[in-house]
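model_16.cif follows (mmCIF, C-alpha atoms):
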```cif
data_run
#
loop_
_atom_site.label_atom_id
_atom_site.label_comp_id
_atom_site.auth_asym_id
_atom_site.auth_seq_id
_atom_site.Cartn_x
_atom_site.Cartn_y
_atom_site.Cartn_z
CA MET A 291 6.39 -35.93 23.95
CA GLU A 292 5.92 -34.19 27.27
CA PRO A 293 2.30 -33.13 27.60
CA ILE A 294 1.34 -29.51 28.29
CA ILE A 295 -0.97 -29.34 31.28
CA ILE A 296 -1.86 -25.83 32.45
CA GLU A 297 -4.36 -25.04 35.17
CA GLY A 298 -6.84 -22.32 34.30
CA THR A 299 -6.82 -18.88 35.93
CA PRO A 300 -9.49 -16.12 35.79
CA LYS A 301 -7.74 -14.83 32.66
CA THR A 302 -6.20 -17.89 31.03
CA PRO A 303 -7.69 -21.22 30.00
CA THR A 304 -7.07 -24.75 31.21
CA VAL A 305 -4.91 -26.57 28.70
CA HIS A 306 -4.50 -30.32 28.25
CA PHE A 307 -2.36 -31.13 25.25
CA ASP A 308 -1.33 -34.75 25.72
CA SER A 309 -0.17 -36.79 22.75
CA GLY A 310 -0.90 -39.91 24.80
CA ALA A 311 -4.56 -38.98 25.10
CA GLY A 312 -5.57 -38.05 21.56
CA VAL A 313 -8.06 -35.47 22.81
CA PHE A 314 -6.64 -32.02 23.38
CA LYS A 315 -8.53 -29.53 25.52
CA LEU A 316 -8.70 -25.75 25.77
CA GLU A 317 -11.25 -24.64 28.34
CA GLY A 318 -12.34 -21.62 30.35
CA ARG A 319 -11.52 -17.95 29.86
CA SER A 320 -8.87 -16.59 27.59
CA ILE A 321 -8.61 -12.87 28.25
CA PRO A 322 -4.97 -12.11 29.11
CA GLU A 323 -3.45 -8.75 28.18
CA ASN A 324 -0.57 -10.57 26.57
CA SER A 325 -1.96 -13.58 24.72
CA VAL A 326 1.15 -14.23 22.64
CA GLU A 327 3.09 -15.01 25.80
CA PHE A 328 0.47 -17.58 26.85
CA TYR A 329 -0.09 -19.23 23.46
CA LYS A 330 3.45 -19.40 22.11
CA PRO A 331 4.34 -22.60 24.04
CA LEU A 332 1.15 -24.25 22.75
CA VAL A 333 1.90 -23.32 19.14
CA ASP A 334 5.50 -24.51 19.55
CA TRP A 335 4.29 -27.77 21.09
CA LEU A 336 1.93 -28.41 18.16
CA ASP A 337 4.76 -27.60 15.79
CA LYS A 338 6.68 -30.55 17.25
CA TYR A 339 3.58 -32.76 17.55
CA LYS A 340 2.85 -32.34 13.84
CA GLU A 341 6.04 -34.23 13.02
CA SER A 342 4.50 -37.48 14.31
CA PRO A 343 0.85 -36.93 15.17
CA LEU A 344 -1.65 -39.53 16.28
CA PRO A 345 -3.82 -41.03 13.51
CA LYS A 346 -6.71 -39.03 14.96
CA THR A 347 -6.46 -35.73 16.82
CA THR A 348 -9.54 -34.24 18.44
CA VAL A 349 -9.38 -30.76 19.92
CA GLU A 350 -12.13 -29.66 22.28
CA VAL A 351 -12.50 -25.90 22.65
CA LYS A 352 -14.83 -24.90 25.47
CA LEU A 353 -14.28 -21.20 25.98
CA GLU A 354 -16.60 -19.07 28.04
CA TYR A 355 -14.88 -15.85 26.96
CA PHE A 356 -11.96 -14.93 24.78
CA ASN A 357 -10.60 -11.51 23.95
CA THR A 358 -9.53 -10.24 20.54
CA SER A 359 -5.91 -10.55 21.61
CA SER A 360 -6.47 -14.32 22.03
CA SER A 361 -8.44 -14.68 18.81
CA LYS A 362 -5.38 -14.47 16.58
CA CYS A 363 -3.43 -16.82 18.83
CA ILE A 364 -6.26 -19.36 18.69
CA LEU A 365 -6.14 -19.04 14.90
CA ASP A 366 -2.42 -19.84 15.07
CA VAL A 367 -3.19 -23.00 17.08
CA PHE A 368 -5.78 -24.00 14.46
CA LYS A 369 -3.33 -23.32 11.62
CA LYS A 370 -1.02 -25.96 13.09
CA LEU A 371 -3.93 -28.41 13.16
CA GLU A 372 -4.66 -27.54 9.54
CA ILE A 373 -1.12 -28.58 8.59
CA ILE A 374 -1.59 -31.90 10.41
CA HIS A 375 -4.88 -32.42 8.59
CA LYS A 376 -3.35 -31.52 5.23
CA ALA A 377 -0.77 -34.27 5.78
CA ARG A 378 -3.69 -36.74 5.63
CA ASN A 379 -4.24 -37.20 9.34
CA ASP A 380 -7.65 -37.23 10.94
CA VAL A 381 -8.23 -33.94 12.80
CA GLU A 382 -11.42 -32.60 14.30
CA ILE A 383 -12.17 -29.41 16.23
CA LYS A 384 -15.12 -29.56 18.59
CA TRP A 385 -16.28 -26.03 19.27
CA TYR A 386 -18.54 -25.78 22.32
CA TYR A 387 -20.83 -22.82 22.97
CA GLU A 388 -23.44 -22.21 25.60
CA GLU A 389 -27.08 -22.15 24.65
CA ASP A 390 -28.05 -18.59 23.51
CA ASP A 391 -24.43 -17.56 23.10
CA GLU A 392 -24.68 -16.65 19.43
CA ASP A 393 -21.49 -14.62 19.63
CA MET A 394 -19.50 -17.72 20.59
CA LEU A 395 -21.19 -19.79 17.88
CA GLU A 396 -20.39 -17.11 15.28
CA ALA A 397 -16.79 -16.98 16.47
CA GLY A 398 -16.54 -20.73 15.86
CA GLU A 399 -18.09 -20.32 12.42
CA ASP A 400 -15.51 -17.63 11.60
CA TYR A 401 -12.71 -20.09 12.33
CA GLU A 402 -14.49 -22.83 10.44
CA SER A 403 -14.61 -20.60 7.34
CA ILE A 404 -10.88 -19.79 7.57
CA ILE A 405 -9.38 -23.12 8.63
CA ARG A 406 -9.69 -26.24 6.54
CA VAL A 407 -10.30 -28.71 9.32
CA PRO A 408 -13.67 -30.35 10.09
CA PHE A 409 -15.48 -28.48 12.87
CA GLU A 410 -18.31 -29.69 15.00
CA MET A 411 -20.41 -27.01 16.73
CA ILE A 412 -21.78 -28.32 19.99
CA GLU A 413 -24.38 -26.46 22.03
CA THR A 414 -24.27 -26.95 25.78
CA ALA A 415 -26.82 -26.06 28.48
CA ASP A 416 -26.25 -22.75 30.23
CA MET B 167 -8.29 27.00 29.39
CA SER B 168 -7.58 23.32 29.18
CA LEU B 169 -10.04 20.57 30.06
CA ASN B 170 -10.54 19.82 33.74
CA VAL B 171 -10.43 16.02 33.80
CA GLU B 172 -11.65 15.77 37.40
CA ASN B 173 -14.79 17.81 36.62
CA TYR B 174 -15.33 15.90 33.43
CA PHE B 175 -15.24 12.61 35.37
CA ARG B 176 -17.63 13.95 38.01
CA ASN B 177 -20.11 14.98 35.32
CA LEU B 178 -20.22 11.41 34.02
CA LEU B 179 -21.40 10.13 37.40
CA THR B 180 -25.18 10.04 37.06
CA ASP B 181 -27.68 8.01 39.10
CA ASP B 182 -27.37 5.03 36.75
CA VAL B 183 -23.70 4.41 37.47
CA ILE B 184 -22.93 0.93 38.82
CA PHE B 185 -19.16 1.25 38.56
CA SER B 186 -16.62 3.99 38.04
CA TYR B 187 -12.85 4.22 38.17
CA LYS B 188 -10.22 6.78 37.36
CA GLY B 189 -6.49 6.13 37.51
CA ASP B 190 -3.80 3.74 36.42
CA ILE B 191 -5.03 0.87 34.23
CA SER B 192 -2.86 -2.05 35.26
CA SER B 193 -3.52 -5.74 34.74
CA GLU B 194 -4.53 -6.04 38.42
CA VAL B 195 -6.94 -3.10 38.16
CA ILE B 196 -8.53 -4.71 35.10
CA ASN B 197 -9.09 -7.91 37.12
CA LEU B 198 -10.77 -6.01 39.92
CA ILE B 199 -13.04 -4.07 37.54
CA LEU B 200 -14.06 -7.22 35.67
CA ASP B 201 -14.86 -9.03 38.93
CA SER B 202 -16.89 -6.17 40.31
CA VAL B 203 -18.98 -5.58 37.18
CA GLU B 204 -19.49 -9.30 36.56
CA ARG B 205 -20.76 -9.72 40.10
CA GLN B 206 -23.20 -6.86 39.64
CA THR B 207 -24.58 -8.12 36.34
CA LYS B 208 -25.19 -11.49 38.02
CA GLU B 209 -26.89 -9.87 41.00
CA ALA B 210 -29.08 -7.84 38.63
CA ASN B 211 -30.26 -11.16 37.14
CA ASP B 212 -29.70 -10.03 33.57
CA PRO B 213 -30.03 -12.73 30.92
CA SER B 214 -26.71 -14.51 30.37
CA LYS B 215 -26.63 -13.23 26.78
CA ILE B 216 -26.51 -9.61 27.99
CA ARG B 217 -24.09 -10.40 30.82
CA LYS B 218 -21.70 -11.96 28.35
CA LYS B 219 -21.88 -9.03 25.96
CA VAL B 220 -21.23 -6.60 28.81
CA TYR B 221 -18.27 -8.68 29.97
CA ASN B 222 -16.81 -8.95 26.48
CA VAL B 223 -17.16 -5.24 25.76
CA LEU B 224 -15.68 -4.43 29.16
CA VAL B 225 -12.65 -6.65 28.50
CA GLU B 226 -12.00 -5.04 25.13
CA SER B 227 -12.56 -1.50 26.45
CA LEU B 228 -10.19 -1.99 29.37
CA GLN B 229 -7.54 -3.68 27.27
CA ASN B 230 -7.80 -0.88 24.70
CA LEU B 231 -6.94 1.50 27.54
CA TYR B 232 -4.16 -0.82 28.71
CA HIS B 233 -2.56 -1.12 25.29
CA HIS B 234 -3.28 2.21 23.66
CA ALA B 235 -3.60 4.98 26.26
CA ASP B 236 -0.76 7.43 25.74
CA PRO B 237 1.39 8.44 28.73
CA VAL B 238 -0.17 11.35 30.61
CA PRO B 239 0.73 14.93 29.61
CA GLY B 240 3.47 16.56 31.71
CA ASP B 241 1.05 19.10 33.21
CA PHE B 242 -1.56 16.50 34.25
CA GLU B 243 -2.22 16.19 38.00
CA ASP B 244 -1.90 12.38 38.15
CA GLN B 245 1.71 11.75 37.15
CA GLY B 246 1.76 8.43 39.04
CA SER B 247 -0.41 6.60 36.50
CA ARG B 248 1.56 4.83 33.85
CA ARG B 249 -1.55 4.28 31.78
CA PHE B 250 -4.22 6.73 32.85
CA GLY B 251 -7.80 5.87 32.01
CA MET B 252 -11.35 6.46 33.21
CA ILE B 253 -14.22 4.03 33.01
CA VAL B 254 -17.86 4.47 33.91
CA VAL B 255 -20.46 1.69 33.63
CA ASN B 256 -24.14 2.66 33.62
CA ARG B 257 -27.14 0.39 33.87
CA ASN B 258 -30.74 1.39 33.27
CA SER B 259 -33.91 -0.09 31.77
CA SER B 260 -32.64 0.16 28.20
CA GLY B 261 -29.41 -1.68 28.96
CA TYR B 262 -25.82 -0.87 29.74
CA ASN B 263 -23.47 1.91 28.72
CA ILE B 264 -19.70 1.71 29.06
CA THR B 265 -17.77 4.96 28.72
CA THR B 266 -14.00 5.13 28.71
CA CYS B 267 -11.64 8.09 28.45
CA ASN B 268 -7.91 8.36 27.89
CA PHE B 269 -5.25 10.68 26.56
CA VAL B 270 -4.32 10.42 22.90
CA LYS B 271 -1.50 12.31 21.21
CA LYS B 272 -2.98 14.66 18.66
CA ASN B 273 -0.98 13.20 15.80
CA LYS B 274 -2.91 9.93 16.29
CA VAL B 275 -6.38 11.46 16.43
CA LYS B 276 -7.12 11.35 12.72
CA GLN B 277 -6.20 7.70 12.34
CA LEU B 278 -8.41 6.69 15.27
CA ALA B 279 -11.31 8.89 14.13
CA ASP B 280 -11.09 7.43 10.62
CA LYS B 281 -11.22 3.91 12.02
CA LEU B 282 -14.26 4.71 14.19
CA ASP B 283 -16.02 6.46 11.28
CA LYS B 284 -15.39 3.50 9.03
CA ILE B 285 -16.89 1.13 11.60
CA ASN B 286 -19.88 3.41 12.19
CA LYS B 287 -20.64 3.64 8.48
CA SER B 288 -20.58 -0.14 8.04
CA SER B 289 -23.54 -2.49 8.22
CA ILE B 290 -23.40 -5.32 10.76
CA GLN B 291 -22.66 -7.72 7.91
CA GLU B 292 -19.75 -5.54 6.72
CA ILE B 293 -18.42 -5.39 10.28
CA LYS B 294 -18.48 -9.20 10.52
CA GLU B 295 -16.56 -9.46 7.24
CA PHE B 296 -14.13 -6.78 8.35
CA TYR B 297 -13.50 -8.69 11.60
CA LYS B 298 -12.80 -11.90 9.73
CA PHE B 299 -10.52 -10.13 7.30
CA ILE B 300 -8.38 -8.62 10.07
CA LEU B 301 -8.34 -11.94 11.94
CA HIS B 302 -7.21 -13.81 8.88
CA HIS B 303 -4.81 -11.41 7.21
CA GLN B 304 -3.16 -9.17 9.76
CA LYS B 305 -0.08 -10.34 11.59
CA ILE B 306 -0.18 -10.64 15.36
CA THR B 307 1.14 -7.41 16.82
CA PRO B 308 3.30 -7.40 19.94
CA LYS B 309 0.08 -6.37 21.70
CA GLY B 310 -1.62 -9.41 20.29
CA GLY B 311 -4.79 -7.87 18.98
CA GLY B 312 -3.97 -6.38 15.64
CA GLY B 313 -6.66 -3.75 16.01
CA LEU B 314 -9.66 -6.03 16.42
CA GLY B 315 -10.96 -4.54 19.67
CA LEU B 316 -13.17 -1.76 18.32
CA VAL B 317 -14.48 -3.92 15.48
CA ASP B 318 -15.36 -6.63 17.98
CA ILE B 319 -17.20 -4.14 20.21
CA ALA B 320 -19.24 -2.87 17.25
CA ARG B 321 -20.00 -6.41 16.16
CA LYS B 322 -21.09 -7.65 19.59
CA THR B 323 -23.26 -4.63 20.40
CA GLY B 324 -24.63 -3.86 16.93
CA ASN B 325 -24.51 -0.19 17.93
CA GLU B 326 -22.63 2.86 16.69
CA LEU B 327 -19.54 3.78 18.67
CA ASP B 328 -20.18 7.25 20.04
CA TYR B 329 -16.96 9.18 20.52
CA GLN B 330 -15.45 12.60 21.04
CA PHE B 331 -11.97 14.11 21.10
CA LEU B 332 -11.74 16.94 23.61
CA ASP B 333 -8.99 19.47 23.38
CA TYR B 334 -6.52 19.07 26.26
CA ASN B 335 -3.43 20.99 25.24
CA LYS B 336 -1.28 21.58 22.18
CA GLU B 337 0.00 18.03 22.12
CA TYR B 338 -2.84 15.96 23.64
CA ALA B 339 -6.51 15.27 23.12
CA PHE B 340 -8.76 13.57 25.66
CA PHE B 341 -10.64 10.74 23.98
CA ARG B 342 -14.10 9.62 25.11
CA LEU B 343 -15.67 6.42 23.78
CA SER B 344 -19.22 5.57 24.75
CA ILE B 345 -20.73 2.16 24.01
CA ASP B 346 -24.37 1.08 24.42
CA ILE B 347 -25.33 -2.53 25.01
CA ASN B 348 -29.07 -2.89 24.53
CA SER B 349 -30.98 -5.01 26.99
CA LEU B 350 -33.01 -6.60 24.20
CA GLN B 351 -30.76 -7.66 21.40
CA ASP B 352 -32.30 -8.59 18.12
CA ASN B 353 -29.30 -8.56 15.83
#
```
Output the structure of this file as structure tokens.
Amino acid sequence: MEPIIIEGTPKTPTVHFDSGAGVFKLEGRSIPENSVEFYKPLVDWLDKYKESPLPKTTVEVKLEYFNTSSSKCILDVFKKLEIIHKARNDVEIKWYYEEDDEDMLEAGEDYESIIRVPFEMIETAD
Amino acid sequence: MSLNVENYFRNLLTDDVIFSYKGDISSEVINLILDSVERQTKEANDPSKIRKKVYNVLVESLQNLYHHADPVPGDFEDQGSRRFGMIVVNRNSSGYNITTCNFVKKNKVKQLADKLDKINKSSIQEIKEFYKFILHHQKITPKGGGGLGLVDIARKTGNELDYQFLDYNKEYAFFRLSIDINSLQDN
């Protein structure tokens, strides 16, 4: 599968979805006006990836900011991971948040309560 | 006599204003506003927790204008703005205040007021549950948000959303939303 590598911009995150690497990354800021446009290719890619996933898929989410328009799209990404996990594959979501950023920690906990995939909450220095 | 928007804007400009803008709310304008206010919150040396809340609320406020502001009334002076909005950011010792204004068709006023009243009557715990419910159960709208913006603002600030609908003409109201972000958060 062709990887998806997208450089970050002030409004959209850096994306590294590479089935050769086993660790997928979503990093930076996700605050576009039209999030569906940005996330649709990622959701479509995962839809294909789920047909023959790696034995273990780790997704690292290191977002500094995300808007409510992105929040549903991120949930859609996680729903695809949930399907992969349900099919008895190892999946883990590492949710990074900066020290003192309780809002980002709570956002991760919201997803953890909705999506049946193991989450790890990881605090990072400011 | 209908509301004079220019005077109304001028009256919002007190000594505490660190940023103000009136005009078309395009994606590019949003970028410039975010950059300017982010720079100022950094220069003011506010704790990162407050800076992040201000940034988040600003993003949601501006994108609410971008997605939901109705086209300007036919008799309004600024016909060039596709999405007309006003934004004023204040900073003082108690924290930040972000005020936005935009035109709303009168037939939408009740729905918006009901939503704001519902949020304002809810406890912070209820707001968190409400947020999760919308996130989980509502379909993505073409705008992408599914109506989470106001709930998110209330959740992140822990404050009531102060608002007012001013009479503009028979068809339009002028909507003001005013959000406080306390400098010392304890929620």
Answer key for the PyMOL selection byres ((chain A and resi 336) around 10), residues as a list in words: Phe307, Ser309, Lys330, Pro331, Leu332, Val333, Asp334, Trp335, Asp337, Lys338, Tyr339, Lys340, Glu341, Pro343, Val367, Phe368, Lys369, Lys370, Leu371 and Ile374 of chain A
List as a PDB file with C-alpha atoms, keeping the file's coordinate frame the residues having at least one atom at most 8 Å from position (-11.9, -7.2, 29.8) as given in the file, counting all atoms listed in the file.
```
ATOM      1  CA  ILE A 321      -8.610 -12.870  28.250  1.00  0.00           C
ATOM      2  CA  ASN A 357     -10.600 -11.510  23.950  1.00  0.00           C
TER       3      ASN A 357
ATOM      4  CA  ILE B 196      -8.530  -4.710  35.100  1.00  0.00           C
ATOM      5  CA  ASN B 197      -9.090  -7.910  37.120  1.00  0.00           C
ATOM      6  CA  LEU B 200     -14.060  -7.220  35.670  1.00  0.00           C
ATOM      7  CA  TYR B 221     -18.270  -8.680  29.970  1.00  0.00           C
ATOM      8  CA  ASN B 222     -16.810  -8.950  26.480  1.00  0.00           C
ATOM      9  CA  VAL B 223     -17.160  -5.240  25.760  1.00  0.00           C
ATOM     10  CA  LEU B 224     -15.680  -4.430  29.160  1.00  0.00           C
ATOM     11  CA  VAL B 225     -12.650  -6.650  28.500  1.00  0.00           C
ATOM     12  CA  GLU B 226     -12.000  -5.040  25.130  1.00  0.00           C
ATOM     13  CA  SER B 227     -12.560  -1.500  26.450  1.00  0.00           C
ATOM     14  CA  LEU B 228     -10.190  -1.990  29.370  1.00  0.00           C
ATOM     15  CA  GLN B 229      -7.540  -3.680  27.270  1.00  0.00           C
TER      16      GLN B 229
END
```
Expected answer as a VMD selection string: all residues with atoms within 7 Å of (-7.7, -29.5, 23.8), all atoms listed in the file: chain A and resid 305 to 307 313 to 316 349 to 351
CA of Tyr386 in chain A to CA of Ile412 in chain A, straight-line distance in Å: 4.7 Å
Output of the PyMOL selection byres ((chain A) within 12 of (chain B)), listed as a PyMOL selection string: chain A and resi 299-301+319-330+354-366+368-369+387-394+396-405+415-416
Proximity to Pro303 in chain A - best of A:Leu344, A:Val381, A:Leu353, A:Met291, all atoms listed in the file: A:Leu353
Computed interatomic separation between CA of Ser288 in chain B and CA of Glu326 in chain B (Å):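 Result for CA of Ser288 in chain B versus CA of Glu326 in chain B: 9.4 Å, one decimal.
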Close residues, His234 in chain B itself excluded, 9 Å, only C-alpha atoms, min 5 positions apart in chain, as JSON, numbers by chain: {"B": [229, 249, 268, 270]}
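The interatomic distance for the pair CA of Lys276 in chain B and CA of Pro237 in chain B works out to 18.4 Å.
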Spatial neighbours of Asp333 in chain B, max dist 9 Å, all atoms listed in the file, sep filter under 4 positions, as number ranges by chain: B: 168-169, 338-341
Hits from the PyMOL selection byres ((chain B and resi 185) around 6), listed as an MDAnalysis selection string: chainID B and resid 183:184 186 254:255
I need the chosen residues saved as a compact mmCIF listing (two decimals), keeping the file's coordinate frame, with C-alpha atoms.
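Listed below is the output, part.txt:
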```txt
# COMPACT_ATOMS: atom_id res chain seq x y z
CA VAL B 183 -23.70 4.41 37.47
CA ILE B 184 -22.93 0.93 38.82
CA SER B 186 -16.62 3.99 38.04
CA VAL B 254 -17.86 4.47 33.91
CA VAL B 255 -20.46 1.69 33.63
```
Contact residues around Cys267 in chain B with only C-alpha atoms at 8 Å, ignoring same-chain residues under 2 positions, as a list in words: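 Surrounding residues, per the criterion: Gly251, Met252, Ile253, Thr265, Phe269, Phe340, Phe341, Arg342 and Leu343 of chain B.
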Based on the selection just made, write C-alpha atoms of those residues as a PDB file, in the coordinates of the input.
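Listing of selection-v5.pdb after writing:
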```pdb
ATOM      1  CA  GLY B 251      -7.800   5.870  32.010  1.00  0.00           C
ATOM      2  CA  MET B 252     -11.350   6.460  33.210  1.00  0.00           C
ATOM      3  CA  ILE B 253     -14.220   4.030  33.010  1.00  0.00           C
ATOM      4  CA  THR B 265     -17.770   4.960  28.720  1.00  0.00           C
ATOM      5  CA  PHE B 269      -5.250  10.680  26.560  1.00  0.00           C
ATOM      6  CA  PHE B 340      -8.760  13.570  25.660  1.00  0.00           C
ATOM      7  CA  PHE B 341     -10.640  10.740  23.980  1.00  0.00           C
ATOM      8  CA  ARG B 342     -14.100   9.620  25.110  1.00  0.00           C
ATOM      9  CA  LEU B 343     -15.670   6.420  23.780  1.00  0.00           C
TER      10      LEU B 343
END
```
Give me the residues within 9 Å of Glu337 in chain B as a PDB file with C-alpha atoms, in the frame of the given file, counting only C-alpha atoms and dropping any in the same chain fewer than 2 places off.
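What landed in selection_25.pdb:
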```pdb
ATOM      1  CA  PRO B 239       0.730  14.930  29.610  1.00  0.00           C
ATOM      2  CA  VAL B 270      -4.320  10.420  22.900  1.00  0.00           C
ATOM      3  CA  LYS B 271      -1.500  12.310  21.210  1.00  0.00           C
ATOM      4  CA  LYS B 272      -2.980  14.660  18.660  1.00  0.00           C
ATOM      5  CA  ASN B 273      -0.980  13.200  15.800  1.00  0.00           C
ATOM      6  CA  TYR B 334      -6.520  19.070  26.260  1.00  0.00           C
ATOM      7  CA  ASN B 335      -3.430  20.990  25.240  1.00  0.00           C
ATOM      8  CA  ALA B 339      -6.510  15.270  23.120  1.00  0.00           C
TER       9      ALA B 339
END
```
Would you compute an axis-aligned box for range 225-230 of chain B, covering every atom listed for it in the file with 6 Å of margin on each side, and report centre and edge lengths in Å to one decimal as JSON?
```
{"center_x": -10.1, "center_y": -3.8, "center_z": 27.0, "size_x": 17.1, "size_y": 17.8, "size_z": 16.7}
```
Emit range 202-223 of chain B of the structure in the block as a file comprising C-alpha atoms, as a PDB file, in the first residue's frame.
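So selection.pdb came out as:
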```pdb
ATOM      1  CA  SER B 202      -2.083  37.929  15.899  1.00  0.00           C
ATOM      2  CA  VAL B 203      -3.893  36.895  19.089  1.00  0.00           C
ATOM      3  CA  GLU B 204      -1.613  33.902  19.663  1.00  0.00           C
ATOM      4  CA  ARG B 205       1.417  36.157  19.403  1.00  0.00           C
ATOM      5  CA  GLN B 206      -0.060  38.563  21.925  1.00  0.00           C
ATOM      6  CA  THR B 207      -0.955  35.882  24.460  1.00  0.00           C
ATOM      7  CA  LYS B 208       2.644  34.636  24.223  1.00  0.00           C
ATOM      8  CA  GLU B 209       4.051  38.130  24.656  1.00  0.00           C
ATOM      9  CA  ALA B 210       1.797  38.651  27.679  1.00  0.00           C
ATOM     10  CA  ASN B 211       3.437  35.569  29.237  1.00  0.00           C
ATOM     11  CA  ASP B 212       0.133  33.988  30.183  1.00  0.00           C
ATOM     12  CA  PRO B 213       0.324  30.410  31.441  1.00  0.00           C
ATOM     13  CA  SER B 214       0.116  27.940  28.558  1.00  0.00           C
ATOM     14  CA  LYS B 215      -3.150  26.578  29.969  1.00  0.00           C
ATOM     15  CA  ILE B 216      -4.853  29.971  29.501  1.00  0.00           C
ATOM     16  CA  ARG B 217      -3.206  30.589  26.131  1.00  0.00           C
ATOM     17  CA  LYS B 218      -4.528  27.286  24.862  1.00  0.00           C
ATOM     18  CA  LYS B 219      -8.050  27.959  26.099  1.00  0.00           C
ATOM     19  CA  VAL B 220      -8.026  31.387  24.448  1.00  0.00           C
ATOM     20  CA  TYR B 221      -6.775  29.865  21.197  1.00  0.00           C
ATOM     21  CA  ASN B 222      -9.358  27.094  21.247  1.00  0.00           C
ATOM     22  CA  VAL B 223     -12.249  29.442  21.993  1.00  0.00           C
TER      23      VAL B 223
END
```
